[in-house]
>>> print(open('coords-v3.pdb').read())   # PDB, C-alpha atoms
ATOM      1  CA  MET A   1      -3.469 -27.688 -30.752
ATOM      2  CA  ASN A   2      -0.900 -28.610 -28.091
ATOM      3  CA  VAL A   3       1.952 -27.848 -30.502
ATOM      4  CA  LEU A   4       0.360 -24.496 -31.418
ATOM      5  CA  LEU A   5      -0.090 -23.558 -27.766
ATOM      6  CA  HIS A   6       3.522 -24.504 -27.031
ATOM      7  CA  GLN A   7       4.808 -22.343 -29.889
ATOM      8  CA  VAL A   8       2.679 -19.365 -28.835
ATOM      9  CA  LEU A   9       3.721 -19.539 -25.171
ATOM     10  CA  SER A  10       7.374 -20.068 -26.086
ATOM     11  CA  GLY A  11       7.096 -17.113 -28.479
ATOM     12  CA  LEU A  12       5.725 -14.938 -25.689
ATOM     13  CA  ALA A  13       8.752 -15.843 -23.556
ATOM     14  CA  THR A  14      11.273 -14.816 -26.221
ATOM     15  CA  GLY A  15       9.031 -11.920 -27.213
ATOM     16  CA  GLY A  16       9.333 -10.548 -23.705
ATOM     17  CA  ILE A  17      13.105 -10.399 -24.142
ATOM     18  CA  TYR A  18      12.686  -8.680 -27.514
ATOM     19  CA  ALA A  19      10.279  -6.273 -25.827
ATOM     20  CA  SER A  20      12.882  -5.363 -23.188
ATOM     21  CA  VAL A  21      15.569  -4.590 -25.777
ATOM     22  CA  ALA A  22      13.021  -2.773 -27.987
ATOM     23  CA  LEU A  23      11.993  -0.648 -24.989
ATOM     24  CA  ALA A  24      15.637   0.292 -24.430
ATOM     25  CA  LEU A  25      15.940   1.255 -28.114
ATOM     26  CA  VAL A  26      12.800   3.404 -27.900
ATOM     27  CA  MET A  27      13.991   5.172 -24.753
ATOM     28  CA  ILE A  28      17.231   6.236 -26.409
ATOM     29  CA  TYR A  29      15.426   7.122 -29.647
ATOM     30  CA  GLN A  30      13.079   9.423 -27.748
ATOM     31  CA  ALA A  31      16.059  11.223 -26.259
ATOM     32  CA  THR A  32      18.311  11.432 -29.331
ATOM     33  CA  HIS A  33      16.005  10.540 -32.291
ATOM     34  CA  LEU A  34      18.632   7.977 -33.277
ATOM     35  CA  VAL A  35      18.800   4.196 -33.001
ATOM     36  CA  ASN A  36      21.504   2.918 -30.658
ATOM     37  CA  PHE A  37      23.126   0.131 -32.686
ATOM     38  CA  ALA A  38      25.297  -0.765 -29.690
ATOM     39  CA  GLN A  39      22.344  -1.624 -27.433
ATOM     40  CA  GLY A  40      22.780  -5.357 -27.969
ATOM     41  CA  GLU A  41      26.504  -5.226 -27.224
ATOM     42  CA  LEU A  42      25.837  -3.290 -24.033
ATOM     43  CA  ALA A  43      23.485  -6.072 -22.941
ATOM     44  CA  MET A  44      26.047  -8.723 -23.899
ATOM     45  CA  PHE A  45      28.854  -7.012 -21.977
ATOM     46  CA  SER A  46      26.611  -6.648 -18.932
ATOM     47  CA  THR A  47      25.814 -10.370 -19.101
ATOM     48  CA  TYR A  48      29.539 -11.120 -18.984
ATOM     49  CA  ILE A  49      29.758  -8.963 -15.851
ATOM     50  CA  ALA A  50      27.028 -11.101 -14.250
ATOM     51  CA  TRP A  51      28.816 -14.283 -15.323
ATOM     52  CA  SER A  52      32.108 -13.042 -13.830
ATOM     53  CA  LEU A  53      30.417 -12.212 -10.524
ATOM     54  CA  MET A  54      28.861 -15.673 -10.346
ATOM     55  CA  GLN A  55      32.220 -17.273 -11.149
ATOM     56  CA  ALA A  56      33.647 -15.300  -8.208
ATOM     57  CA  GLY A  57      31.074 -16.897  -5.894
ATOM     58  CA  VAL A  58      28.339 -14.260  -5.814
ATOM     59  CA  PRO A  59      24.841 -15.818  -5.651
ATOM     60  CA  TYR A  60      22.709 -15.540  -8.793
ATOM     61  CA  TRP A  61      20.317 -12.835  -7.636
ATOM     62  CA  GLY A  62      23.103 -10.900  -5.988
ATOM     63  CA  ALA A  63      25.017 -10.919  -9.274
ATOM     64  CA  PHE A  64      21.791 -10.006 -11.068
ATOM     65  CA  PHE A  65      21.143  -6.829  -9.097
ATOM     66  CA  LEU A  66      24.822  -5.840  -8.969
ATOM     67  CA  THR A  67      24.990  -6.189 -12.762
ATOM     68  CA  VAL A  68      21.863  -4.094 -13.267
ATOM     69  CA  ALA A  69      23.362  -1.350 -11.080
ATOM     70  CA  ALA A  70      26.726  -1.544 -12.870
ATOM     71  CA  SER A  71      24.999  -1.432 -16.253
ATOM     72  CA  PHE A  72      23.080   1.677 -15.217
ATOM     73  CA  VAL A  73      26.328   3.424 -14.295
ATOM     74  CA  LEU A  74      28.017   2.220 -17.501
ATOM     75  CA  GLY A  75      25.175   3.514 -19.674
ATOM     76  CA  ALA A  76      25.186   6.912 -17.969
ATOM     77  CA  LEU A  77      28.989   7.173 -18.322
ATOM     78  CA  ILE A  78      28.814   6.307 -22.031
ATOM     79  CA  GLU A  79      26.293   9.099 -22.562
ATOM     80  CA  ARG A  80      28.363  11.646 -20.632
ATOM     81  CA  VAL A  81      31.780  10.702 -22.035
ATOM     82  CA  ILE A  82      31.079   9.479 -25.581
ATOM     83  CA  VAL A  83      27.634  10.597 -26.749
ATOM     84  CA  GLN A  84      27.323  14.031 -25.139
ATOM     85  CA  PRO A  85      30.349  15.560 -26.947
ATOM     86  CA  VAL A  86      28.812  14.691 -30.353
ATOM     87  CA  GLU A  87      25.146  15.451 -29.586
ATOM     88  CA  ASN A  88      25.214  18.498 -31.902
ATOM     89  CA  ALA A  89      27.124  16.722 -34.665
ATOM     90  CA  SER A  90      25.536  15.417 -37.864
ATOM     91  CA  VAL A  91      23.354  12.309 -37.802
ATOM     92  CA  LEU A  92      25.996  10.353 -39.718
ATOM     93  CA  SER A  93      28.663  11.248 -37.139
ATOM     94  CA  VAL A  94      26.516  10.024 -34.250
ATOM     95  CA  VAL A  95      25.642   6.798 -36.103
ATOM     96  CA  ILE A  96      29.351   6.176 -36.679
ATOM     97  CA  VAL A  97      29.944   6.674 -32.935
ATOM     98  CA  PHE A  98      27.245   4.088 -32.156
ATOM     99  CA  ILE A  99      28.721   1.584 -34.619
ATOM    100  CA  GLY A 100      32.197   2.228 -33.218
ATOM    101  CA  LEU A 101      30.863   1.589 -29.712
ATOM    102  CA  LEU A 102      29.359  -1.698 -30.946
ATOM    103  CA  VAL A 103      32.701  -2.864 -32.371
ATOM    104  CA  ILE A 104      34.657  -1.765 -29.282
ATOM    105  CA  LEU A 105      32.359  -3.579 -26.830
ATOM    106  CA  ASN A 106      32.299  -6.728 -28.966
ATOM    107  CA  SER A 107      36.078  -6.811 -29.346
ATOM    108  CA  LEU A 108      36.641  -5.952 -25.693
ATOM    109  CA  ALA A 109      34.386  -8.821 -24.581
ATOM    110  CA  GLY A 110      36.222 -11.241 -26.876
ATOM    111  CA  TRP A 111      39.615 -10.023 -25.642
ATOM    112  CA  ILE A 112      38.734 -10.239 -21.948
ATOM    113  CA  PHE A 113      36.475 -13.302 -21.875
ATOM    114  CA  SER A 114      37.465 -15.056 -25.158
ATOM    115  CA  TYR A 115      35.089 -16.141 -27.917
ATOM    116  CA  THR A 116      34.501 -19.568 -26.354
ATOM    117  CA  ILE A 117      30.807 -20.336 -25.851
ATOM    118  CA  LYS A 118      29.993 -20.487 -22.141
ATOM    119  CA  PRO A 119      26.930 -21.947 -20.417
ATOM    120  CA  PHE A 120      24.956 -19.483 -18.314
ATOM    121  CA  PRO A 121      22.915 -20.654 -15.308
ATOM    122  CA  SER A 122      19.180 -20.169 -14.941
ATOM    123  CA  PRO A 123      17.677 -19.201 -11.574
ATOM    124  CA  PHE A 124      14.585 -21.261 -12.256
ATOM    125  CA  PRO A 125      14.255 -25.019 -11.585
ATOM    126  CA  ALA A 126      14.786 -27.548 -14.353
ATOM    127  CA  ALA A 127      11.385 -29.147 -13.749
ATOM    128  CA  PRO A 128       8.408 -27.356 -15.375
ATOM    129  CA  LEU A 129       6.596 -24.953 -13.076
ATOM    130  CA  PHE A 130       2.993 -25.678 -12.065
ATOM    131  CA  GLY A 131       3.161 -29.034 -13.849
ATOM    132  CA  ASN A 132       2.730 -27.524 -17.320
ATOM    133  CA  THR A 133       4.161 -29.248 -20.386
ATOM    134  CA  TYR A 134       4.031 -26.322 -22.798
ATOM    135  CA  VAL A 135       6.891 -24.053 -21.690
ATOM    136  CA  THR A 136      10.028 -24.570 -19.651
ATOM    137  CA  SER A 137      10.397 -23.042 -16.213
ATOM    138  CA  HIS A 138      13.019 -20.623 -17.549
ATOM    139  CA  GLU A 139      10.697 -19.419 -20.315
ATOM    140  CA  LEU A 140       7.871 -18.928 -17.828
ATOM    141  CA  GLY A 141      10.207 -17.199 -15.385
ATOM    142  CA  SER A 142      11.519 -14.934 -18.155
ATOM    143  CA  ILE A 143       7.973 -13.825 -18.928
ATOM    144  CA  GLY A 144       7.445 -13.007 -15.248
ATOM    145  CA  VAL A 145      10.705 -11.054 -14.935
ATOM    146  CA  THR A 146       9.983  -9.137 -18.140
ATOM    147  CA  LEU A 147       6.468  -8.174 -17.020
ATOM    148  CA  VAL A 148       7.763  -6.993 -13.629
ATOM    149  CA  VAL A 149      10.428  -4.855 -15.327
ATOM    150  CA  LEU A 150       7.921  -3.360 -17.750
ATOM    151  CA  LEU A 151       5.488  -2.523 -14.934
ATOM    152  CA  LEU A 152       8.278  -0.887 -12.917
ATOM    153  CA  VAL A 153       9.360   1.192 -15.916
ATOM    154  CA  PHE A 154       5.756   2.222 -16.605
ATOM    155  CA  GLY A 155       5.238   3.228 -12.982
ATOM    156  CA  PHE A 156       8.528   5.127 -12.920
ATOM    157  CA  PHE A 157       7.701   7.237 -15.967
ATOM    158  CA  ARG A 158       4.044   7.664 -15.082
ATOM    159  CA  PHE A 159       4.048   8.434 -11.379
ATOM    160  CA  THR A 160       7.485   9.679 -10.233
ATOM    161  CA  PRO A 161       8.753  13.282 -10.574
ATOM    162  CA  LEU A 162      12.083  12.073 -11.995
ATOM    163  CA  GLY A 163      10.337   9.927 -14.588
ATOM    164  CA  LEU A 164       8.100  12.839 -15.629
ATOM    165  CA  ALA A 165      11.167  15.093 -15.890
ATOM    166  CA  MET A 166      12.891  12.539 -18.136
ATOM    167  CA  ARG A 167       9.810  12.354 -20.383
ATOM    168  CA  ALA A 168       9.661  16.147 -20.597
ATOM    169  CA  ALA A 169      13.366  16.404 -21.427
ATOM    170  CA  ALA A 170      12.983  13.859 -24.224
ATOM    171  CA  GLN A 171       9.879  15.472 -25.742
ATOM    172  CA  ASN A 172      10.781  19.163 -25.448
ATOM    173  CA  PRO A 173      14.346  19.933 -24.294
ATOM    174  CA  VAL A 174      14.048  23.708 -24.752
ATOM    175  CA  SER A 175      10.935  24.107 -22.603
ATOM    176  CA  SER A 176      12.358  21.688 -20.049
ATOM    177  CA  ARG A 177      15.452  23.835 -19.619
ATOM    178  CA  LEU A 178      13.228  26.894 -19.094
ATOM    179  CA  VAL A 179      11.522  25.252 -16.116
ATOM    180  CA  GLY A 180      14.819  24.168 -14.549
ATOM    181  CA  ILE A 181      15.165  20.567 -15.700
ATOM    182  CA  ARG A 182      18.797  19.558 -16.289
ATOM    183  CA  VAL A 183      18.271  17.997 -19.707
ATOM    184  CA  GLY A 184      21.810  16.662 -20.027
ATOM    185  CA  TRP A 185      21.548  14.633 -16.854
ATOM    186  CA  MET A 186      18.088  13.420 -17.822
ATOM    187  CA  LEU A 187      19.571  12.033 -21.031
ATOM    188  CA  ALA A 188      22.338  10.330 -19.042
ATOM    189  CA  LEU A 189      19.744   8.761 -16.742
ATOM    190  CA  GLY A 190      17.811   7.590 -19.796
ATOM    191  CA  TRP A 191      20.913   5.888 -21.184
ATOM    192  CA  GLY A 192      21.581   4.316 -17.800
ATOM    193  CA  LEU A 193      18.037   3.003 -17.541
ATOM    194  CA  ALA A 194      18.167   1.637 -21.107
ATOM    195  CA  ALA A 195      21.467  -0.136 -20.337
ATOM    196  CA  ALA A 196      19.979  -1.642 -17.158
ATOM    197  CA  ILE A 197      16.919  -2.949 -19.025
ATOM    198  CA  GLY A 198      19.186  -4.384 -21.719
ATOM    199  CA  ALA A 199      21.268  -6.115 -19.038
ATOM    200  CA  ILE A 200      18.159  -7.849 -17.688
ATOM    201  CA  ALA A 201      17.272  -9.010 -21.204
ATOM    202  CA  GLY A 202      20.802 -10.318 -21.742
ATOM    203  CA  ILE A 203      20.800 -12.251 -18.468
ATOM    204  CA  MET A 204      17.417 -13.788 -19.257
ATOM    205  CA  VAL A 205      18.360 -14.850 -22.793
ATOM    206  CA  ALA A 206      21.879 -16.142 -22.030
ATOM    207  CA  PRO A 207      20.713 -19.554 -20.685
ATOM    208  CA  ILE A 208      18.862 -20.088 -23.990
ATOM    209  CA  VAL A 209      21.427 -18.943 -26.577
ATOM    210  CA  PHE A 210      24.564 -19.439 -24.411
ATOM    211  CA  LEU A 211      27.068 -16.721 -23.595
ATOM    212  CA  GLU A 212      29.451 -15.441 -26.285
ATOM    213  CA  PRO A 213      30.318 -11.999 -27.691
ATOM    214  CA  ASN A 214      27.895 -12.252 -30.650
ATOM    215  CA  MET A 215      24.924 -13.579 -28.665
ATOM    216  CA  MET A 216      22.816 -10.419 -29.059
ATOM    217  CA  ALA A 217      23.285  -9.826 -32.803
ATOM    218  CA  GLY A 218      20.129 -11.615 -33.917
ATOM    219  CA  ILE A 219      18.174 -10.511 -30.851
ATOM    220  CA  LEU A 220      18.925  -6.845 -31.608
ATOM    221  CA  LEU A 221      17.483  -7.341 -35.109
ATOM    222  CA  TYR A 222      14.293  -8.839 -33.673
ATOM    223  CA  ALA A 223      14.098  -6.028 -31.113
ATOM    224  CA  PHE A 224      14.533  -3.421 -33.848
ATOM    225  CA  ALA A 225      11.703  -5.048 -35.798
ATOM    226  CA  ALA A 226       9.567  -4.995 -32.638
ATOM    227  CA  ALA A 227      10.296  -1.307 -32.014
ATOM    228  CA  LEU A 228       9.394  -0.408 -35.598
ATOM    229  CA  LEU A 229       6.250  -2.541 -35.550
ATOM    230  CA  GLY A 230       4.962  -1.028 -32.319
ATOM    231  CA  GLY A 231       6.199   2.486 -33.076
ATOM    232  CA  ILE A 232       9.768   3.662 -32.614
ATOM    233  CA  ASP A 233       8.557   6.537 -30.399
ATOM    234  CA  SER A 234       6.051   4.470 -28.381
ATOM    235  CA  PRO A 235       7.340   2.535 -25.318
ATOM    236  CA  GLY A 236       4.054   0.641 -25.007
ATOM    237  CA  GLY A 237       4.100  -0.131 -28.707
ATOM    238  CA  ALA A 238       7.611  -1.542 -28.423
ATOM    239  CA  VAL A 239       6.404  -3.964 -25.743
ATOM    240  CA  VAL A 240       3.429  -5.117 -27.827
ATOM    241  CA  GLY A 241       5.654  -5.365 -30.898
ATOM    242  CA  GLY A 242       8.136  -7.535 -28.993
ATOM    243  CA  PHE A 243       5.489 -10.091 -28.064
ATOM    244  CA  ILE A 244       4.080 -10.099 -31.617
ATOM    245  CA  VAL A 245       7.522 -10.647 -33.157
ATOM    246  CA  GLY A 246       8.304 -13.432 -30.682
ATOM    247  CA  VAL A 247       5.100 -15.344 -31.493
ATOM    248  CA  LEU A 248       5.438 -14.827 -35.259
ATOM    249  CA  GLU A 249       9.063 -15.964 -35.184
ATOM    250  CA  ASN A 250       8.148 -19.202 -33.404
ATOM    251  CA  LEU A 251       5.166 -19.944 -35.635
ATOM    252  CA  VAL A 252       7.140 -19.362 -38.827
ATOM    253  CA  GLY A 253       9.998 -21.492 -37.486
ATOM    254  CA  ALA A 254       7.588 -24.326 -36.708
ATOM    255  CA  VAL A 255       5.907 -24.203 -40.122
ATOM    256  CA  LEU A 256       8.756 -23.300 -42.503
ATOM    257  CA  GLY A 257      11.830 -24.303 -40.517
ATOM    258  CA  THR A 258      14.266 -22.508 -38.234
ATOM    259  CA  ASP A 259      16.407 -21.325 -41.172
ATOM    260  CA  LEU A 260      13.712 -18.780 -42.082
ATOM    261  CA  LYS A 261      13.086 -17.424 -38.579
ATOM    262  CA  LEU A 262      15.403 -14.438 -39.042
ATOM    263  CA  THR A 263      13.523 -13.590 -42.246
ATOM    264  CA  VAL A 264      10.503 -12.686 -40.110
ATOM    265  CA  ALA A 265      12.355  -9.716 -38.624
ATOM    266  CA  LEU A 266      13.628  -8.520 -42.010
ATOM    267  CA  VAL A 267      10.177  -8.803 -43.619
ATOM    268  CA  LEU A 268       8.595  -6.912 -40.723
ATOM    269  CA  ILE A 269      11.179  -4.132 -40.912
ATOM    270  CA  VAL A 270      10.727  -3.638 -44.655
ATOM    271  CA  GLY A 271       6.949  -4.048 -44.468
ATOM    272  CA  VAL A 272       6.477  -1.518 -41.683
ATOM    273  CA  LEU A 273       8.765   1.040 -43.351
ATOM    274  CA  VAL A 274       6.847   0.712 -46.637
ATOM    275  CA  ILE A 275       3.251   0.424 -45.384
ATOM    276  CA  ARG A 276       3.151   2.225 -42.026
ATOM    277  CA  PRO A 277       6.443   3.915 -41.052
ATOM    278  CA  SER A 278       5.016   5.175 -37.746
ATOM    279  CA  GLY A 279       4.204   1.617 -36.596
ATOM    280  CA  LEU A 280       1.036   0.417 -34.894
ATOM    281  CA  PHE A 281       1.098   2.894 -32.004
ATOM    282  CA  GLY A 282       3.596   5.544 -33.123
ATOM    283  CA  LYS A 283       2.717   9.152 -33.804
ATOM    284  CA  VAL A 284       2.560  10.460 -37.350
ATOM    285  CA  HIS A 285       4.653  13.625 -37.608
ATOM    286  CA  VAL A 286       3.714  16.063 -40.345
ATOM    287  CA  THR A 287       6.281  18.684 -41.348
ATOM    288  CA  ARG A 288       5.551  21.620 -43.622
ATOM    289  CA  VAL A 289       8.258  22.163 -46.235
TER     290      VAL A 289
END
>>> encode(input="coords-v3.pdb", output="structure tokens")
Amino acid sequence: MNVLLHQVLSGLATGGIYASVALALVMIYQATHLVNFAQGELAMFSTYIAWSLMQAGVPYWGAFFLTVAASFVLGALIERVIVQPVENASVLSVVIVFIGLLVILNSLAGWIFSYTIKPFPSPFPAAPLFGNTYVTSHELGSIGVTLVVLLLVFGFFRFTPLGLAMRAAAQNPVSSRLVGIRVGWMLALGWGLAAAIGAIAGIMVAPIVFLEPNMMAGILLYAFAAALLGGIDSPGGAVVGGFIVGVLENLVGAVLGTDLKLTVALVLIVGVLVIRPSGLFGKVHVTRV
């Protein structure tokens, strides 16, 4: 029972990180109806920015908030400079742009920071918090940070005029333009917010997987599985899906071995697409042809 509880709590910690990246994927999907394959590389590059600031002597939380702000600006600039010119192009063209952005960010990180694996500090103490023996202090702290971020995002979209305008622009751009909402800038803000959330996920996961240009490859796959499981157009579903994927991954790894952990994400992706493409909480869209 103790081993089971440890695996579940540890899975919730990693699931929170998957939930953050899945939420970023859903936010961009709602705006463009496309999956941003470069989301993981954006998070990785932002984590390198945080690492560079800390190497320059900036305290951890100062580097944390500066990186989140820089990531927001970077995401908005990418939307304005790279994505916006091809927003009316074919789906294949936009997907190629996303894949090209993935390769550019990965190569740029390797060129600037090298491909050497680097340790990344944790802001939480090495000793377990509250005397528990089931999860590490970093895992428990990651859960707390993730929940705070998710609550802030929920409150932003639910109760602020800007958040409501962004939701309207994503759901119905034509009607939003008619009532005076600047849809283009709403999309840029959505990209910036998604990049900031991804940066937080990258900073939280870096002490676990270590910092290197390919650190987010597997995590992006898990996050994609979480987004599909919860519903690719449902932010709340993406969060629930992230926690489910994290727990399942840990349980399968404990029972069948760590070599099969990545299989969980692939099985979930295929299973959801075959059995319930809309996910657990996604909307079913019916189109007359």
>>> residues_around(input="coords-v3.pdb", residues="segment 237-244 of chain A", least_positions_apart="6", cutoff="10 Å", atoms="all atoms listed in the file", output="PyMOL selection string")
chain A and resi 8+11-27+146-147+150+222-231+279-282
>>> closest_residue(input="coords-v3.pdb", among="A:Phe120, A:Tyr29, A:Phe98, A:Tyr115", to="Gln55 of chain A", atoms="all atoms listed in the file")
A:Phe120
>>> residues_around(input="coords-v3.pdb", residues="His6 of chain A", least_positions_apart="3", cutoff="8 Å", atoms="all atoms listed in the file", output="VMD selection string")
chain A and resid 2 to 3 9 to 10 134 to 135
>>> atom_distance(input="coords-v3.pdb", atom1="atom CA of Asn88 of chain A", atom2="atom CA of Ala188 of chain A")
15.5 Å
>>> atom_distance(input="coords-v3.pdb", atom1="atom CA of Ile232 of chain A", atom2="atom CA of Leu268 of chain A")
13.4 Å
>>> closest_residue(input="coords-v3.pdb", among="A:Trp185, A:Trp61, A:Phe210, A:Phe154", to="Met166 of chain A", atoms="all atoms listed in the file")
A:Trp185
>>> resolve_selection(input="coords-v3.pdb", expression="the PyMOL selection byres ((chain A and resi 42) around 8)", output="ChimeraX atom specification")
/A:38-41,43-46,102,105,195,198-199
>>> resolve_selection(input="coords-v3.pdb", expression="the PyMOL selection byres ((chain A and resi 80) around 12)", output="tab-separated table (two decimals) with C-alpha atoms, in the coordinates of the input")
chain	number	residue	atom	x	y	z
A	73	VAL	CA	26.33	3.42	-14.30
A	74	LEU	CA	28.02	2.22	-17.50
A	75	GLY	CA	25.18	3.51	-19.67
A	76	ALA	CA	25.19	6.91	-17.97
A	77	LEU	CA	28.99	7.17	-18.32
A	78	ILE	CA	28.81	6.31	-22.03
A	79	GLU	CA	26.29	9.10	-22.56
A	81	VAL	CA	31.78	10.70	-22.04
A	82	ILE	CA	31.08	9.48	-25.58
A	83	VAL	CA	27.63	10.60	-26.75
A	84	GLN	CA	27.32	14.03	-25.14
A	85	PRO	CA	30.35	15.56	-26.95
A	86	VAL	CA	28.81	14.69	-30.35
A	87	GLU	CA	25.15	15.45	-29.59
A	183	VAL	CA	18.27	18.00	-19.71
A	184	GLY	CA	21.81	16.66	-20.03
A	185	TRP	CA	21.55	14.63	-16.85
A	186	MET	CA	18.09	13.42	-17.82
A	187	LEU	CA	19.57	12.03	-21.03
A	188	ALA	CA	22.34	10.33	-19.04
A	189	LEU	CA	19.74	8.76	-16.74
A	190	GLY	CA	17.81	7.59	-19.80
A	191	TRP	CA	20.91	5.89	-21.18
A	192	GLY	CA	21.58	4.32	-17.80
>>> decode(input="coords-v3.pdb", residues="segment 18-85 of chain A", atoms="C-alpha atoms", output="short mmCIF file (atom, residue, chain, number, x, y, z; two decimals), in the first residue's frame")
data_model
loop_
_atom_site.label_atom_id
_atom_site.label_comp_id
_atom_site.auth_asym_id
_atom_site.auth_seq_id
_atom_site.Cartn_x
_atom_site.Cartn_y
_atom_site.Cartn_z
CA TYR A 18 1.92 17.30 -18.16
CA ALA A 19 -1.26 19.21 -17.36
CA SER A 20 0.54 22.56 -17.71
CA VAL A 21 1.97 21.68 -21.14
CA ALA A 22 -1.36 20.13 -22.21
CA LEU A 23 -3.15 23.34 -21.19
CA ALA A 24 -0.75 25.34 -23.35
CA LEU A 25 -1.44 22.99 -26.28
CA VAL A 26 -5.20 23.38 -25.81
CA MET A 27 -4.99 27.17 -25.64
CA ILE A 28 -3.20 27.35 -28.98
CA TYR A 29 -5.49 24.70 -30.49
CA GLN A 30 -8.54 26.74 -29.53
CA ALA A 31 -7.08 29.75 -31.31
CA THR A 32 -5.71 28.06 -34.45
CA HIS A 33 -7.31 24.55 -34.45
CA LEU A 34 -3.79 23.19 -34.85
CA VAL A 35 -1.38 21.47 -32.47
CA ASN A 36 1.77 23.46 -31.73
CA PHE A 37 4.52 20.85 -32.09
CA ALA A 38 7.08 23.41 -30.91
CA GLN A 39 5.45 23.90 -27.49
CA GLY A 40 7.96 21.64 -25.76
CA GLU A 41 10.93 23.39 -27.36
CA LEU A 42 9.56 26.76 -26.30
CA ALA A 43 9.45 25.49 -22.72
CA MET A 44 12.97 24.08 -23.02
CA PHE A 45 14.39 27.33 -24.40
CA SER A 46 12.68 29.30 -21.63
CA THR A 47 14.24 26.98 -19.05
CA TYR A 48 17.67 27.77 -20.48
CA ILE A 49 16.87 31.47 -20.05
CA ALA A 50 16.12 30.82 -16.36
CA TRP A 51 19.33 28.82 -16.00
CA SER A 52 21.37 31.63 -17.60
CA LEU A 53 19.85 34.21 -15.26
CA MET A 54 20.68 32.08 -12.23
CA GLN A 55 24.23 31.58 -13.50
CA ALA A 56 24.49 35.38 -13.70
CA GLY A 57 23.61 35.64 -10.00
CA VAL A 58 19.87 36.29 -10.12
CA PRO A 59 18.02 34.58 -7.24
CA TYR A 60 15.84 31.59 -8.15
CA TRP A 61 12.44 33.23 -7.85
CA GLY A 62 13.67 36.38 -9.52
CA ALA A 63 14.89 34.31 -12.46
CA PHE A 64 11.60 32.41 -12.38
CA PHE A 65 9.39 35.46 -12.81
CA LEU A 66 11.75 37.16 -15.27
CA THR A 67 11.72 34.00 -17.40
CA VAL A 68 7.93 33.78 -17.33
CA ALA A 69 7.71 37.41 -18.49
CA ALA A 70 10.33 36.86 -21.21
CA SER A 71 8.55 33.71 -22.37
CA PHE A 72 5.28 35.61 -22.64
CA VAL A 73 6.92 38.21 -24.87
CA LEU A 74 8.67 35.51 -26.93
CA GLY A 75 5.42 33.63 -27.51
CA ALA A 76 3.58 36.78 -28.57
CA LEU A 77 6.42 37.75 -30.94
CA ILE A 78 6.44 34.28 -32.52
CA GLU A 79 2.71 34.58 -33.21
CA ARG A 80 3.04 38.07 -34.71
CA VAL A 81 6.19 37.45 -36.76
CA ILE A 82 6.01 33.77 -37.75
CA VAL A 83 2.48 32.41 -37.31
CA GLN A 84 0.35 35.41 -38.29
CA PRO A 85 1.68 35.66 -41.88
#
